[in-house]
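A.B. asks: Sharing a structure below in structure tokens format, with a few things to ask.
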Amino acid sequence: MMDETDFWEIVDAAREGAEGDPVVTADLIVERLSDLDPESVTDFARHFEARFNRAYRWDLWGAAWVILDGASDDCFENFRCWLIAQGRHVFEGALHDPDTLAELLPQDFDPEQDGEAEEVGYAAYDAYERLTGVELPELGFEEPPEEPEGSPVDFEDSGVLATAYPRLWARFRA
């Protein structure tokens, strides 16, 4: 049985080994999970999905919008995968206060290259299929809500974004 600490240790080791490259991070997660049993891979997938769903919030989408200079639905999904791939400290910090990403993101963060990690979202599925030859079974989560949690943010209003995310705005838009 994989617990939350085990989950974050795998994510952290992969991120560090990949030196921040999301494709390599995903590959390293797949490699590590492929050394485990299918039940542990399923547990990892559940931990990932739980965090992915926790991050489905308007305030985080607004932060992604500021950081990436726009974020479509798909882009926000990939951003949430990327956010998880940054590890527990960054992920929990962003959930506590999305504007702290201004300090939590590395200084060499490049909005053109970073902020999306779609492949990380598929790592457990790839590892499970590698181990078993079949697709990962349903994880048992309810369908996500139609709308993110919290109050919608007007992404088109620069003043609203600058007020809601002053540190992110100063770092990425000023």
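Letters A, B, ... mark the chains of the structure tokens in the order given; residue numbers begin at 1 per chain; ligand numbers begin at 1, in order shown.
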Please provide as a list of chain:residue names all residues within 12 Å of Ala174 of chain A, with the sequence filter that same-chain residues fewer than 4 positions apart are discarded (counting only C-alpha atoms).
C.D. replies: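 Surrounding residues, per the criterion: A:Val66, A:Ile67, A:Asp69, A:Ser158, A:Gly159, A:Leu161, A:Ala162, A:Tyr165, A:Pro166, A:Arg167, A:Leu168, A:Trp169, A:Ala170.
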A.B. asks: Would you please work out which residue, of A:Ile84, A:Asp43, A:Tyr56, A:Asp37, is nearest to Trp8 of chain A when using only C-alpha atoms?
C.D. replies: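 The closest residue to Trp8 of chain A is A:Ile84.
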A.B. asks: Might you pull out every residue within 10 Å of segment 23-31 of chain A, with only C-alpha atoms counted and same-chain residues fewer than 3 positions away left off, and present them as number ranges by chain?
C.D. replies: A: 10-20, 34-36, 41, 82, 85-86, 116-128, 130
A.B. asks: Any chance you can output those residues with C-alpha atoms as a CSV table (one decimal), in the first residue's frame?
C.D. replies:
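Output file result26.csv is given in full below:
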```
chain,number,residue,atom,x,y,z
A,10,ILE,CA,8.6,9.1,-6.1
A,11,VAL,CA,7.6,12.5,-7.5
A,12,ASP,CA,10.5,14.3,-5.9
A,13,ALA,CA,13.1,11.8,-6.9
A,14,ALA,CA,11.8,11.9,-10.5
A,15,ARG,CA,11.8,15.7,-10.6
A,16,GLU,CA,15.3,15.9,-9.2
A,17,GLY,CA,16.6,13.2,-11.5
A,18,ALA,CA,15.0,15.0,-14.5
A,19,GLU,CA,16.4,18.4,-13.5
A,20,GLY,CA,12.9,19.8,-14.1
A,34,SER,CA,7.4,-0.3,-13.1
A,35,ASP,CA,9.6,-1.7,-10.3
A,36,LEU,CA,6.5,-1.9,-8.0
A,41,VAL,CA,0.9,1.7,-9.2
A,82,TRP,CA,3.1,20.1,-13.8
A,85,ALA,CA,5.4,17.3,-10.5
A,86,GLN,CA,7.0,20.2,-8.7
A,116,GLU,CA,2.9,22.1,-18.5
A,117,ALA,CA,3.5,18.4,-17.9
A,118,GLU,CA,0.8,16.4,-19.6
A,119,GLU,CA,3.0,13.3,-19.7
A,120,VAL,CA,3.3,13.2,-15.9
A,121,GLY,CA,-0.5,12.8,-15.8
A,122,TYR,CA,-0.2,9.5,-17.8
A,123,ALA,CA,2.8,8.0,-15.9
A,124,ALA,CA,0.9,5.7,-13.7
A,125,TYR,CA,-1.2,4.5,-16.6
A,126,ASP,CA,1.9,3.8,-18.7
A,127,ALA,CA,3.6,2.0,-15.8
A,128,TYR,CA,0.5,-0.1,-15.1
A,130,ARG,CA,3.9,-2.0,-18.9
```
A.B. asks: Counting only C-alpha atoms, which residue out of A:Cys75, A:Leu131, A:Leu104, A:Leu60 sits closest to Thr42 of chain A?
C.D. replies: A:Leu131
A.B. asks: Counting only C-alpha atoms, what is within 12 Å of Gln107 of chain A, bar same-chain residues fewer than 6 positions away, as an MDAnalysis selection string?
C.D. replies: chainID A and resid 101 114 171:172
A.B. asks: Using only C-alpha atoms, which residues sit within 9 Å of Phe44 of chain A once same-chain residues fewer than 6 positions away are excluded, as a VMD selection string?
C.D. replies: chain A and resid 2 to 4 6 to 7 33 124
A.B. asks: With distances taken over only C-alpha atoms, which of A:Ala102, A:Leu68, A:Ala63, A:Met1 is nearest to Glu39 of chain A?
C.D. replies: A:Met1
A.B. asks: Of the candidates A:Pro38, A:Arg54, A:Glu9, A:Trp61, which one gets nearest to Ala164 of chain A if we count only C-alpha atoms?
C.D. replies: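 Among the listed residues, A:Trp61 lies closest to Ala164 of chain A.
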A.B. asks: Quick one: residues within 9 Å of Arg46 of chain A, only C-alpha atoms, excluding same-chain residues fewer than 6 positions away - as a list of chain:residue names?
C.D. replies: A:Leu139, A:Gly140, A:Phe141
A.B. asks: Return as a PyMOL selection string the full set of residues in segment 5-159 of chain A whose backbone-based DSSP assignment is alpha helix (DSSP H).
C.D. replies: chain A and resi 5-18+22-34+38-54+58-68+73-85+88-96+101-104+118-121+123-132+158-159
A.B. asks: Out of A:Thr5, A:Asp110, A:Glu142, A:Pro148, which residue has the shortest atom-to-atom distance to Glu49 of chain A when counting only C-alpha atoms?
C.D. replies: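 Result for the nearest residue to Glu49 of chain A: A:Glu142.
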A.B. asks: For Asp97 of chain A, which residue out of A:Ala55, A:Glu135, A:Phe109, A:Gly70 is the nearest one, using only C-alpha atoms?
C.D. replies: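 Of the candidates, the smallest distance to Asp97 of chain A is held by A:Ala55.
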A.B. asks: Atom CA of Thr132 of chain A and atom CA of Arg51 of chain A, how far apart in Å?
C.D. replies: 24.8 Å
A.B. asks: Please provide the set of residues having any atom within 8 Å of Asp59 of chain A, restricted to only C-alpha atoms, with same-chain residues fewer than 2 positions apart removed, written as a list in words.
C.D. replies: Arg57, Trp61, Gly62, Ala63, Pro98, Gly150, Ser151, Pro152 and Val153 of chain A
